[in-house]
$ cat protein.tsv   # TSV, C-alpha atoms
chain	number	residue	atom	x	y	z
A	33	MET	CA	-15.90	14.51	12.88
A	34	ASN	CA	-18.58	12.11	11.68
A	35	SER	CA	-20.61	11.12	14.72
A	36	LEU	CA	-21.04	7.60	13.37
A	37	LYS	CA	-17.31	6.92	13.62
A	38	ARG	CA	-16.15	4.97	16.62
A	39	ILE	CA	-13.28	6.67	18.38
A	40	PHE	CA	-10.42	4.78	19.95
A	41	PHE	CA	-7.16	6.03	21.42
A	42	VAL	CA	-4.18	3.96	20.40
A	43	SER	CA	-0.84	4.43	22.11
A	44	MET	CA	1.06	1.63	20.51
A	45	LEU	CA	4.16	0.00	21.88
A	46	MET	CA	6.31	-1.39	19.10
A	47	LEU	CA	9.75	-1.78	17.64
A	48	ILE	CA	10.50	0.65	14.84
A	49	GLY	CA	13.64	1.24	12.77
A	50	LEU	CA	14.93	4.04	10.62
A	51	SER	CA	15.04	2.11	7.36
A	52	GLN	CA	13.46	-0.95	5.82
A	53	ALA	CA	16.80	-2.66	5.20
A	54	LEU	CA	16.48	-5.92	7.09
A	55	ALA	CA	20.01	-6.62	8.28
A	56	GLN	CA	23.56	-7.20	7.14
A	57	SER	CA	23.80	-8.91	3.77
A	58	GLN	CA	26.04	-11.58	2.41
A	59	ALA	CA	29.42	-10.80	0.93
A	60	GLN	CA	28.85	-12.80	-2.28
A	61	PRO	CA	28.31	-10.71	-5.43
A	62	THR	CA	24.72	-10.74	-6.66
A	63	LEU	CA	23.38	-10.26	-10.19
A	64	LEU	CA	19.72	-9.45	-10.81
A	65	ILE	CA	18.25	-10.04	-14.28
A	66	HIS	CA	14.76	-8.81	-15.21
A	67	ALA	CA	13.48	-10.96	-18.09
A	68	GLY	CA	10.45	-9.75	-20.02
A	69	ASN	CA	10.02	-13.25	-21.43
A	70	LEU	CA	12.02	-16.17	-20.11
A	71	LEU	CA	12.43	-19.64	-21.58
A	72	ALA	CA	13.88	-21.21	-18.46
A	73	VAL	CA	13.38	-24.89	-19.28
A	74	PRO	CA	13.28	-25.92	-22.95
A	75	GLY	CA	10.11	-27.84	-23.62
A	76	GLN	CA	8.10	-25.76	-21.17
A	77	GLN	CA	6.20	-22.58	-21.95
A	78	PRO	CA	8.09	-19.27	-21.63
A	79	GLN	CA	7.05	-17.11	-18.65
A	80	SER	CA	6.69	-13.33	-18.68
A	81	GLN	CA	8.11	-10.82	-16.18
A	82	GLN	CA	10.59	-13.04	-14.38
A	83	SER	CA	13.57	-12.22	-12.16
A	84	ILE	CA	16.73	-14.32	-12.23
A	85	ILE	CA	18.91	-13.93	-9.15
A	86	VAL	CA	22.52	-15.07	-9.52
A	87	ARG	CA	24.82	-15.38	-6.54
A	88	GLY	CA	28.39	-16.62	-6.47
A	89	GLY	CA	28.26	-17.51	-10.15
A	90	ARG	CA	25.21	-19.78	-9.79
A	91	ILE	CA	21.48	-19.24	-10.27
A	92	ASP	CA	20.08	-18.77	-6.78
A	93	SER	CA	16.42	-18.51	-7.78
A	94	VAL	CA	13.94	-17.63	-10.51
A	95	VAL	CA	11.05	-15.54	-9.22
A	96	ASP	CA	7.73	-14.40	-10.66
A	97	GLY	CA	7.64	-10.62	-11.14
A	98	TYR	CA	10.41	-8.07	-11.07
A	99	VAL	CA	12.36	-8.15	-7.80
A	100	ASP	CA	13.18	-4.71	-6.39
A	101	PRO	CA	16.96	-4.19	-6.71
A	102	GLY	CA	16.88	-2.39	-3.36
A	103	SER	CA	16.02	-5.66	-1.64
A	104	LEU	CA	19.26	-7.30	-2.78
A	105	PRO	CA	22.45	-7.44	-0.69
A	106	GLY	CA	24.44	-4.95	-2.76
A	107	GLU	CA	21.95	-2.19	-2.02
A	108	VAL	CA	21.91	-2.95	1.67
A	109	ARG	CA	25.69	-2.87	1.75
A	110	ASN	CA	25.73	0.41	-0.19
A	111	ASP	CA	23.40	1.91	2.40
A	112	ALA	CA	25.81	0.98	5.14
A	113	LEU	CA	28.69	2.52	3.25
A	114	TYR	CA	27.10	5.71	1.96
A	115	VAL	CA	24.02	6.69	3.96
A	116	THR	CA	24.89	9.31	6.55
A	117	THR	CA	23.49	9.57	10.04
A	118	SER	CA	21.68	12.72	8.90
A	119	MET	CA	20.01	10.82	6.08
A	120	GLU	CA	19.01	8.04	8.49
A	121	ALA	CA	17.32	10.67	10.65
A	122	LEU	CA	15.50	12.10	7.62
A	123	ARG	CA	14.33	8.64	6.65
A	124	GLY	CA	13.11	8.35	10.20
A	125	VAL	CA	10.99	11.48	9.68
A	126	TYR	CA	9.34	9.79	6.70
A	127	TYR	CA	8.65	6.53	8.55
A	128	ALA	CA	7.44	8.41	11.62
A	129	GLY	CA	4.84	10.13	9.44
A	130	ILE	CA	3.66	6.80	7.99
A	131	THR	CA	3.38	5.34	11.48
A	132	LEU	CA	1.39	8.30	12.82
A	133	ASP	CA	-0.97	8.20	9.82
A	134	ALA	CA	-1.60	4.52	10.61
A	135	GLY	CA	-2.96	5.63	13.99
A	136	PHE	CA	-0.05	4.95	16.32
A	137	THR	CA	0.63	8.00	18.45
A	138	THR	CA	3.29	6.58	20.79
A	139	VAL	CA	6.01	4.05	19.99
A	140	ARG	CA	8.93	2.43	21.73
A	141	ASP	CA	11.93	2.15	19.40
A	142	LEU	CA	14.22	-0.74	20.34
A	143	GLY	CA	16.93	-0.47	17.74
A	144	ALA	CA	18.35	2.44	15.76
A	145	GLU	CA	21.46	4.52	15.25
A	146	PRO	CA	21.49	6.47	18.54
A	147	GLU	CA	22.24	9.97	17.25
A	148	ALA	CA	19.59	9.72	14.54
A	149	ILE	CA	16.79	8.28	16.68
A	150	TYR	CA	17.39	10.67	19.57
A	151	ALA	CA	17.31	13.63	17.17
A	152	LEU	CA	14.06	12.34	15.68
A	153	ARG	CA	12.54	11.85	19.14
A	154	ASP	CA	13.55	15.33	20.27
A	155	ALA	CA	12.35	17.04	17.09
A	156	ILE	CA	8.91	15.47	17.53
A	157	ASN	CA	8.82	16.44	21.20
A	158	GLN	CA	9.71	20.04	20.30
A	159	GLY	CA	6.93	20.20	17.72
A	160	LEU	CA	9.31	20.66	14.80
A	161	ILE	CA	7.86	17.69	12.92
A	162	ASP	CA	4.81	15.47	13.25
A	163	GLY	CA	5.33	11.93	14.43
A	164	PRO	CA	4.52	9.56	17.25
A	165	THR	CA	5.97	10.19	20.68
A	166	ILE	CA	9.12	8.02	20.77
A	167	PHE	CA	10.70	6.17	23.67
A	168	ALA	CA	14.10	5.26	22.24
A	169	ALA	CA	16.70	2.69	23.23
A	170	GLY	CA	19.39	3.48	20.65
A	171	SER	CA	21.59	0.48	19.92
A	172	ALA	CA	21.09	-2.77	21.80
A	173	LEU	CA	23.37	-4.24	24.43
A	174	ALA	CA	24.59	-7.55	23.08
A	175	ALA	CA	27.35	-10.12	23.52
A	176	THR	CA	30.33	-10.17	21.20
A	177	GLY	CA	29.37	-12.31	18.22
A	178	GLY	CA	25.75	-12.48	19.33
A	179	HIS	CA	22.55	-11.08	17.91
A	180	GLY	CA	22.91	-7.31	17.86
A	181	ASP	CA	26.60	-7.44	16.97
A	182	VAL	CA	27.69	-7.10	13.33
A	183	ASP	CA	28.48	-10.13	11.19
A	184	GLY	CA	29.35	-11.21	7.67
A	185	LEU	CA	31.91	-8.46	6.94
A	186	LYS	CA	35.65	-8.36	6.52
A	187	PRO	CA	37.59	-7.80	9.78
A	188	GLU	CA	38.32	-4.11	9.15
A	189	LEU	CA	34.62	-3.35	8.80
A	190	LEU	CA	33.70	-5.53	11.75
A	191	GLU	CA	36.05	-3.42	13.88
A	192	LEU	CA	34.70	-0.16	12.46
A	193	TRP	CA	30.99	-0.98	12.75
A	194	THR	CA	30.86	-2.84	16.08
A	195	PRO	CA	28.40	-0.90	18.29
A	196	GLU	CA	29.76	0.64	21.48
A	197	THR	CA	27.06	-1.24	23.38
A	198	ILE	CA	28.59	-4.67	22.73
A	199	CYS	CA	29.77	-5.97	26.09
A	200	ASP	CA	31.12	-9.11	27.75
A	201	GLY	CA	31.03	-9.75	31.47
A	202	PRO	CA	29.09	-7.86	34.16
A	203	VAL	CA	31.60	-5.03	34.59
A	204	ALA	CA	31.70	-4.16	30.89
A	205	CYS	CA	27.92	-4.49	30.63
A	206	ARG	CA	27.46	-2.15	33.60
A	207	ALA	CA	29.60	0.44	31.83
A	208	ALA	CA	27.76	-0.03	28.53
A	209	THR	CA	24.41	0.46	30.27
A	210	ARG	CA	25.55	3.67	31.89
A	211	GLN	CA	27.02	4.88	28.61
A	212	ALA	CA	23.78	4.25	26.72
A	213	ILE	CA	21.76	6.16	29.32
A	214	LYS	CA	24.29	9.00	29.39
A	215	PHE	CA	23.85	9.55	25.65
A	216	GLY	CA	20.07	9.60	25.78
A	217	ALA	CA	18.48	6.14	25.99
A	218	ASP	CA	14.94	6.14	27.40
A	219	TRP	CA	15.05	2.36	27.56
A	220	ILE	CA	17.75	-0.27	27.60
A	221	LYS	CA	17.39	-3.10	25.11
A	222	ILE	CA	19.33	-6.34	25.54
A	223	THR	CA	19.53	-9.24	23.11
A	224	ALA	CA	19.30	-12.11	25.56
A	225	THR	CA	19.10	-14.75	22.82
A	226	GLY	CA	19.98	-15.29	19.20
A	227	GLY	CA	17.89	-13.63	16.51
A	228	VAL	CA	16.16	-14.81	13.37
A	229	LEU	CA	17.83	-12.34	11.01
A	230	SER	CA	21.42	-12.79	12.18
A	231	ASP	CA	23.22	-14.59	9.36
A	232	THR	CA	24.60	-17.28	11.65
A	233	ALA	CA	23.61	-20.79	12.61
A	234	THR	CA	23.99	-20.04	16.33
A	235	GLY	CA	20.31	-20.65	16.99
A	236	LEU	CA	17.79	-18.76	19.13
A	237	GLY	CA	18.98	-19.81	22.58
A	238	GLN	CA	20.51	-17.75	25.39
A	239	GLN	CA	23.55	-15.66	24.40
A	240	MET	CA	24.03	-13.19	27.26
A	241	THR	CA	24.96	-14.83	30.55
A	242	ASP	CA	22.93	-14.66	33.75
A	243	ASP	CA	25.39	-12.35	35.49
A	244	GLU	CA	25.48	-9.99	32.49
A	245	LEU	CA	21.68	-9.81	32.39
A	246	GLN	CA	21.44	-9.22	36.13
A	247	GLU	CA	24.03	-6.43	36.07
A	248	ILE	CA	22.39	-4.63	33.15
A	249	VAL	CA	18.96	-4.70	34.79
A	250	ALA	CA	20.25	-3.59	38.18
A	251	THR	CA	22.27	-0.75	36.67
A	252	ALA	CA	19.42	0.51	34.49
A	253	HIS	CA	16.84	0.29	37.28
A	254	ASN	CA	19.14	2.16	39.66
A	255	LEU	CA	19.13	4.99	37.11
A	256	GLY	CA	15.35	4.88	36.67
A	257	ILE	CA	15.39	3.24	33.23
A	258	LYS	CA	13.42	0.16	32.22
A	259	VAL	CA	14.85	-2.82	30.33
A	260	ALA	CA	13.46	-4.72	27.34
A	261	ALA	CA	14.87	-8.10	26.36
A	262	HIS	CA	14.81	-9.48	22.83
A	263	ALA	CA	14.35	-13.17	23.58
A	264	HIS	CA	13.22	-16.16	21.53
A	265	GLY	CA	14.49	-19.29	23.28
A	266	ALA	CA	12.98	-20.36	26.61
A	267	ASP	CA	16.36	-20.45	28.37
A	268	GLY	CA	17.06	-16.81	27.49
A	269	ILE	CA	13.48	-15.72	28.21
A	270	ASN	CA	13.60	-17.26	31.66
A	271	ALA	CA	17.07	-15.94	32.47
A	272	ALA	CA	15.99	-12.42	31.50
A	273	LEU	CA	12.81	-12.67	33.58
A	274	ARG	CA	14.78	-13.91	36.60
A	275	ALA	CA	17.11	-10.93	36.12
A	276	GLY	CA	14.11	-8.60	36.41
A	277	VAL	CA	13.57	-7.24	32.89
A	278	ASP	CA	10.42	-5.19	32.32
A	279	SER	CA	9.45	-6.77	29.00
A	280	ILE	CA	10.21	-9.77	26.85
A	281	ASP	CA	9.94	-8.95	23.15
A	282	HIS	CA	9.02	-11.89	20.89
A	283	GLY	CA	8.82	-14.69	23.49
A	284	THR	CA	8.68	-17.25	20.71
A	285	TYR	CA	9.55	-20.42	22.63
A	286	LEU	CA	8.28	-19.47	26.08
A	287	ASN	CA	7.30	-22.40	28.30
A	288	GLU	CA	5.43	-23.06	31.54
A	289	GLU	CA	8.33	-21.75	33.62
A	290	SER	CA	8.27	-18.58	31.54
A	291	ILE	CA	4.56	-18.09	32.23
A	292	ALA	CA	5.11	-18.57	35.96
A	293	LEU	CA	7.95	-16.03	35.92
A	294	PHE	CA	5.88	-13.51	33.93
A	295	ASN	CA	3.07	-13.73	36.44
A	296	GLN	CA	5.46	-13.64	39.40
A	297	THR	CA	7.42	-10.58	38.22
A	298	GLY	CA	4.65	-8.67	36.42
A	299	ALA	CA	6.84	-8.31	33.33
A	300	TYR	CA	5.12	-7.71	30.00
A	301	LEU	CA	5.18	-9.91	26.92
A	302	VAL	CA	5.37	-8.04	23.58
A	303	PRO	CA	4.45	-10.77	21.08
A	304	THR	CA	5.36	-9.22	17.65
A	305	LEU	CA	3.45	-11.80	15.61
A	306	LEU	CA	3.67	-9.83	12.35
A	307	PRO	CA	7.26	-10.82	11.40
A	308	GLY	CA	6.34	-14.49	11.70
A	309	VAL	CA	3.93	-13.95	8.81
A	310	LYS	CA	5.65	-11.27	6.75
A	311	ILE	CA	9.20	-12.63	6.78
A	312	PRO	CA	8.36	-16.11	5.41
A	313	GLU	CA	6.25	-14.46	2.70
A	314	SER	CA	9.27	-12.50	1.47
A	315	MET	CA	12.06	-15.07	1.82
A	316	GLU	CA	11.88	-17.12	-1.34
A	317	GLY	CA	13.84	-15.53	-4.14
A	318	ASN	CA	15.53	-12.98	-1.89
A	319	PRO	CA	19.21	-13.87	-1.44
A	320	PHE	CA	19.40	-11.95	1.83
A	321	PHE	CA	17.66	-14.91	3.44
A	322	THR	CA	20.36	-17.54	3.74
A	323	ASP	CA	19.63	-21.14	4.70
A	324	ALA	CA	20.49	-20.33	8.34
A	325	ILE	CA	17.98	-17.46	8.42
A	326	LYS	CA	15.25	-19.44	6.64
A	327	GLU	CA	15.53	-22.36	9.04
A	328	LYS	CA	15.14	-20.08	12.06
A	329	ALA	CA	12.34	-18.01	10.51
A	330	TYR	CA	10.12	-20.95	9.57
A	331	ALA	CA	10.55	-22.63	12.94
A	332	ALA	CA	9.97	-19.43	14.93
A	333	GLY	CA	6.88	-18.45	12.99
A	334	ALA	CA	5.33	-21.86	13.56
A	335	ALA	CA	6.05	-21.89	17.30
A	336	ALA	CA	5.09	-18.33	18.22
A	337	ALA	CA	1.31	-18.50	17.75
A	338	ASP	CA	0.68	-21.43	20.10
A	339	ASN	CA	3.05	-20.20	22.81
A	340	ILE	CA	1.81	-16.61	22.76
A	341	ALA	CA	-1.79	-17.83	22.91
A	342	ARG	CA	-0.93	-19.98	25.93
A	343	ALA	CA	0.64	-17.01	27.71
A	344	TYR	CA	-2.44	-14.88	26.99
A	345	ARG	CA	-4.77	-17.53	28.38
A	346	SER	CA	-2.58	-17.74	31.50
A	347	GLY	CA	-3.02	-14.06	32.32
A	348	VAL	CA	0.43	-12.76	31.34
A	349	ASN	CA	0.59	-8.97	30.91
A	350	ILE	CA	0.56	-8.19	27.16
A	351	ALA	CA	1.68	-5.02	25.35
A	352	PHE	CA	1.28	-4.52	21.61
A	353	GLY	CA	4.33	-4.63	19.32
A	354	THR	CA	5.13	-5.21	15.66
A	355	ASP	CA	8.93	-5.23	15.12
A	356	SER	CA	8.44	-2.56	12.45
A	357	ALA	CA	11.34	-2.05	10.04
A	358	VAL	CA	11.64	-5.84	9.97
A	359	THR	CA	8.11	-5.55	8.61
A	360	PRO	CA	7.04	-2.48	6.59
A	361	HIS	CA	6.08	0.68	8.45
A	362	GLY	CA	2.41	1.54	8.19
A	363	LEU	CA	1.17	-2.05	8.31
A	364	ASN	CA	1.32	-2.06	12.10
A	365	GLY	CA	-2.45	-2.46	12.45
A	366	GLU	CA	-2.29	-5.93	10.93
A	367	GLU	CA	-0.92	-7.17	14.26
A	368	PHE	CA	-4.39	-6.79	15.77
A	369	GLY	CA	-5.85	-9.35	13.40
A	370	LEU	CA	-3.08	-11.82	14.15
A	371	MET	CA	-3.69	-11.46	17.87
A	372	VAL	CA	-7.41	-12.11	17.45
A	373	GLN	CA	-6.65	-15.02	15.13
A	374	ILE	CA	-4.72	-16.85	17.88
A	375	GLY	CA	-7.38	-16.29	20.52
A	376	PHE	CA	-7.24	-12.72	21.86
A	377	SER	CA	-10.59	-10.99	22.23
A	378	GLU	CA	-10.89	-7.79	20.23
A	379	MET	CA	-11.08	-5.79	23.46
A	380	ASP	CA	-7.95	-7.40	24.88
A	381	ALA	CA	-6.00	-6.76	21.66
A	382	ILE	CA	-7.02	-3.08	21.84
A	383	HIS	CA	-6.17	-2.97	25.56
A	384	ALA	CA	-2.67	-4.27	24.79
A	385	ALA	CA	-2.13	-1.34	22.40
A	386	THR	CA	-3.54	1.30	24.75
A	387	LEU	CA	-3.61	0.87	28.52
A	388	GLY	CA	-1.31	-2.17	28.40
A	389	ALA	CA	1.35	-0.30	26.45
A	390	ALA	CA	0.89	2.80	28.61
A	391	ALA	CA	1.45	0.74	31.76
A	392	LEU	CA	4.66	-0.75	30.39
A	393	LEU	CA	5.83	2.77	29.54
A	394	SER	CA	4.86	4.00	33.04
A	395	ARG	CA	2.57	6.59	31.43
A	396	VAL	CA	-0.93	5.47	32.45
A	397	GLU	CA	-1.60	8.87	34.02
A	398	GLU	CA	-0.94	10.58	30.67
A	399	ILE	CA	-1.98	8.25	27.84
A	400	GLY	CA	-3.87	5.05	27.09
A	401	SER	CA	-7.49	6.14	27.43
A	402	ILE	CA	-9.78	9.07	26.64
A	403	GLU	CA	-10.23	10.69	30.05
A	404	ALA	CA	-10.10	14.22	31.41
A	405	GLY	CA	-6.56	15.47	31.95
A	406	LYS	CA	-4.87	13.00	29.60
A	407	VAL	CA	-3.02	13.85	26.41
A	408	ALA	CA	-5.48	14.20	23.51
A	409	ASP	CA	-4.20	11.36	21.31
A	410	ILE	CA	-7.32	10.06	19.55
A	411	ILE	CA	-8.03	8.04	16.40
A	412	ALA	CA	-11.22	7.22	14.50
A	413	VAL	CA	-12.30	4.41	12.21
A	414	ASP	CA	-15.51	4.03	10.22
A	415	GLY	CA	-16.64	0.69	11.68
A	416	ASN	CA	-16.59	-1.08	15.01
A	417	PRO	CA	-13.26	-2.85	15.75
A	418	LEU	CA	-14.89	-4.71	18.63
A	419	ALA	CA	-16.90	-6.54	15.96
A	420	GLU	CA	-14.31	-6.47	13.15
A	421	ILE	CA	-10.75	-5.91	14.36
A	422	GLY	CA	-9.55	-5.24	10.80
A	423	GLU	CA	-11.13	-1.78	11.04
A	424	LEU	CA	-7.97	-0.71	12.87
A	425	GLU	CA	-5.99	-1.23	9.66
A	426	ASN	CA	-7.89	1.68	8.09
A	427	VAL	CA	-7.64	4.64	10.44
A	428	THR	CA	-9.55	7.64	9.07
A	429	THR	CA	-8.72	10.30	11.67
A	430	VAL	CA	-5.63	10.91	13.80
A	431	ILE	CA	-5.34	13.56	16.51
A	432	LYS	CA	-1.96	13.81	18.23
A	433	GLY	CA	-1.64	16.02	21.28
A	434	GLY	CA	-4.82	17.86	20.31
A	435	LYS	CA	-3.56	18.55	16.78
A	436	LEU	CA	-5.50	17.17	13.82
A	437	ILE	CA	-3.00	15.13	11.80
A	438	LYS	CA	-5.27	13.24	9.43
A	439	SER	CA	-8.96	13.35	8.51
A	440	GLN	CA	-10.69	11.55	5.66
$ encode --input "protein.tsv" --output "structure tokens"
Amino acid sequence: MNSLKRIFFVSMLMLIGLSQALAQSQAQPTLLIHAGNLLAVPGQQPQSQQSIIVRGGRIDSVVDGYVDPGSLPGEVRNDALYVTTSMEALRGVYYAGITLDAGFTTVRDLGAEPEAIYALRDAINQGLIDGPTIFAAGSALAATGGHGDVDGLKPELLELWTPETICDGPVACRAATRQAIKFGADWIKITATGGVLSDTATGLGQQMTDDELQEIVATAHNLGIKVAAHAHGADGINAALRAGVDSIDHGTYLNEESIALFNQTGAYLVPTLLPGVKIPESMEGNPFFTDAIKEKAYAAGAAAADNIARAYRSGVNIAFGTDSAVTPHGLNGEEFGLMVQIGFSEMDAIHAATLGAAALLSRVEEIGSIEAGKVADIIAVDGNPLAEIGELENVTTVIKGGKLIKSQ
């Protein structure tokens, strides 16, 4: 290895999915027209390489360039109808390889088809394929009709596709927690609040009740499993922290009470700033993003930076995360730059992705730093990320468990 390269271990904690499909799509039929030359408005100059997106019989948008048909609702719906669990697992192999090549040797997956993600995790652990070490949650625990449940489909499909981890009331949520752990969950994920990509106007406030949150956390902890809470609104963040969750993922609208609770409980904040940038960039012209989704996305992206920066300055424990699958796999390193942009030091951003993430995973004795006796997960970059954090977007060498994966 070139002695001039600076070597950093990165054990990244993040959300990763098995496909890049964003979420459930609308039921309205969609027509995509690729126009080589388009005279859209008589009297104005024709434009080349345009996409016309028609939905419900009306022109939804006219977009520069040729929109990928796979990004439109019909393709997402076809995936749900025709892609098998086996194919989801094979897609996971592909995305796991991209993630490892980007320099991320350990990930926490907080949302995937359970059978597929557990098979992927186990195959990597057995050395059958190369990929990051995975701590998997399977499907999230969520309230009926809340974020994490299915929406936008006809009743028969809603019944068929409702995850087994949807629960209402503490007794049902206790059973769902035990069921998830029985079938292989390393972590429990709960959707304490609404979500940006749910096609509803139910907002980003608390959706699971206090007693449900408390029962899930108590049940999981009694079985030795940690709990992560998807949470945007302050009411849901604070309820989840009072219930004793181990991490808050997103934390978009956290407030002073949230910061006090973080510091009191020692819970970790996983900021996931990347979606707040990438999602708004991709919304216009894509009919997946309904008015309800757009309104939430713009507001959340604007609020996250200031609130996350305030939590960082207040000494809240931070672990690195990217919400990958909502954003493209392999771009995970861009999160570092966003953290530094809102006020993190380069060293603290790297700490969040190494020792911070290892602490949240209860694996500090095994990973997170280059020390004798620890797993040999090592990456290299050509420059110095302590001076230019963007160097971590261009990893040149990856060693996973002592095995050379990538070298340029």
$ residues_around --input "protein.tsv" --residues "range 214-229 of chain A" --least-positions-apart "4" --cutoff "6 Å" --atoms "all atoms listed in the file" --output "PyMOL selection string"
chain A and resi 167-169+172-174+179+235-240+257-263+268+325+328-329
$ atom_distance --input "protein.tsv" --atom1 "CA of Gln82 in chain A" --atom2 "CA of Gly97 in chain A"
5.0 Å
$ atom_distance --input "protein.tsv" --atom1 "CA of Gly369 in chain A" --atom2 "CA of Ile421 in chain A"
6.1 Å
$ atom_distance --input "protein.tsv" --atom1 "CA of Ile431 in chain A" --atom2 "CA of Thr131 in chain A"
13.0 Å
$ residues_around --input "protein.tsv" --residues "range 243-249 of chain A" --least-positions-apart "2" --cutoff "8 Å" --atoms "all atoms listed in the file" --output "list in words"
Asp200, Gly201, Pro202, Val203, Cys205, Arg206, Thr209, Ala224, Met240, Thr241, Thr251, Ala252, His253, Lys258, Val259, Ala271, Ala272, Ala275, Gly276 and Val277 of chain A
$ residues_around --input "protein.tsv" --residues "Ala390 in chain A" --least-positions-apart "3" --cutoff "10 Å" --atoms "all atoms listed in the file" --output "PDB file with C-alpha atoms, keeping the file's coordinate frame"
ATOM      1  CA  VAL A  42      -4.180   3.960  20.400  1.00  0.00           C
ATOM      2  CA  SER A  43      -0.840   4.430  22.110  1.00  0.00           C
ATOM      3  CA  MET A  44       1.060   1.630  20.510  1.00  0.00           C
ATOM      4  CA  LEU A  45       4.160   0.000  21.880  1.00  0.00           C
ATOM      5  CA  THR A 138       3.290   6.580  20.790  1.00  0.00           C
ATOM      6  CA  ALA A 351       1.680  -5.020  25.350  1.00  0.00           C
ATOM      7  CA  HIS A 383      -6.170  -2.970  25.560  1.00  0.00           C
ATOM      8  CA  ALA A 384      -2.670  -4.270  24.790  1.00  0.00           C
ATOM      9  CA  ALA A 385      -2.130  -1.340  22.400  1.00  0.00           C
ATOM     10  CA  THR A 386      -3.540   1.300  24.750  1.00  0.00           C
ATOM     11  CA  LEU A 387      -3.610   0.870  28.520  1.00  0.00           C
ATOM     12  CA  LEU A 393       5.830   2.770  29.540  1.00  0.00           C
ATOM     13  CA  SER A 394       4.860   4.000  33.040  1.00  0.00           C
ATOM     14  CA  ARG A 395       2.570   6.590  31.430  1.00  0.00           C
ATOM     15  CA  VAL A 396      -0.930   5.470  32.450  1.00  0.00           C
ATOM     16  CA  GLU A 397      -1.600   8.870  34.020  1.00  0.00           C
ATOM     17  CA  GLU A 398      -0.940  10.580  30.670  1.00  0.00           C
ATOM     18  CA  ILE A 399      -1.980   8.250  27.840  1.00  0.00           C
ATOM     19  CA  GLY A 400      -3.870   5.050  27.090  1.00  0.00           C
ATOM     20  CA  SER A 401      -7.490   6.140  27.430  1.00  0.00           C
TER      21      SER A 401
END
$ residues_around --input "protein.tsv" --residues "Ala208 in chain A" --least-positions-apart "5" --cutoff "8 Å" --atoms "all atoms listed in the file" --output "VMD selection string"
chain A and resid 173 196 to 199
$ write_last_selection --input "protein.tsv" --atoms "C-alpha atoms" --output "compact mmCIF listing (two decimals), in the frame of the given file"
# COMPACT_ATOMS: atom_id res chain seq x y z
CA LEU A 173 23.37 -4.24 24.43
CA GLU A 196 29.76 0.64 21.48
CA THR A 197 27.06 -1.24 23.38
CA ILE A 198 28.59 -4.67 22.73
CA CYS A 199 29.77 -5.97 26.09
$ closest_residue --input "protein.tsv" --among "A:Gly170, A:Gly422, A:Gly333, A:Gly434" --to "Ala381 in chain A" --atoms "all atoms listed in the file"
A:Gly422
$ closest_residue --input "protein.tsv" --among "A:Ala412, A:Leu424, A:Ile350, A:Ala175" --to "Gly388 in chain A" --atoms "all atoms listed in the file"
A:Ile350
$ residues_near_point --input "protein.tsv" --point "(-3.9, 15.7, 27.5)" --cutoff "8 Å" --atoms "only C-alpha atoms" --output "list in words"
Glu398, Ile399, Ala404, Gly405, Lys406, Val407, Ala408, Asp409, Gly433 and Gly434 of chain A
$ closest_residue --input "protein.tsv" --among "A:Ile374, A:Lys310, A:Leu293, A:Ala148" --to "Ala357 in chain A" --atoms "all atoms listed in the file"
A:Lys310
$ closest_residue --input "protein.tsv" --among "A:Leu190, A:Ala207, A:Leu286, A:Leu370" --to "Ala250 in chain A" --atoms "only C-alpha atoms"
A:Ala207
$ closest_residue --input "protein.tsv" --among "A:Phe376, A:Phe352, A:Phe136, A:Tyr330" --to "Ile411 in chain A" --atoms "all atoms listed in the file"
A:Phe136
$ residues_around --input "protein.tsv" --residues "Ala121 in chain A" --least-positions-apart "2" --cutoff "7 Å" --atoms "all atoms listed in the file" --output "list of chain:residue names"
A:Thr117, A:Ser118, A:Met119, A:Arg123, A:Gly124, A:Val125, A:Ala148, A:Ile149, A:Leu152
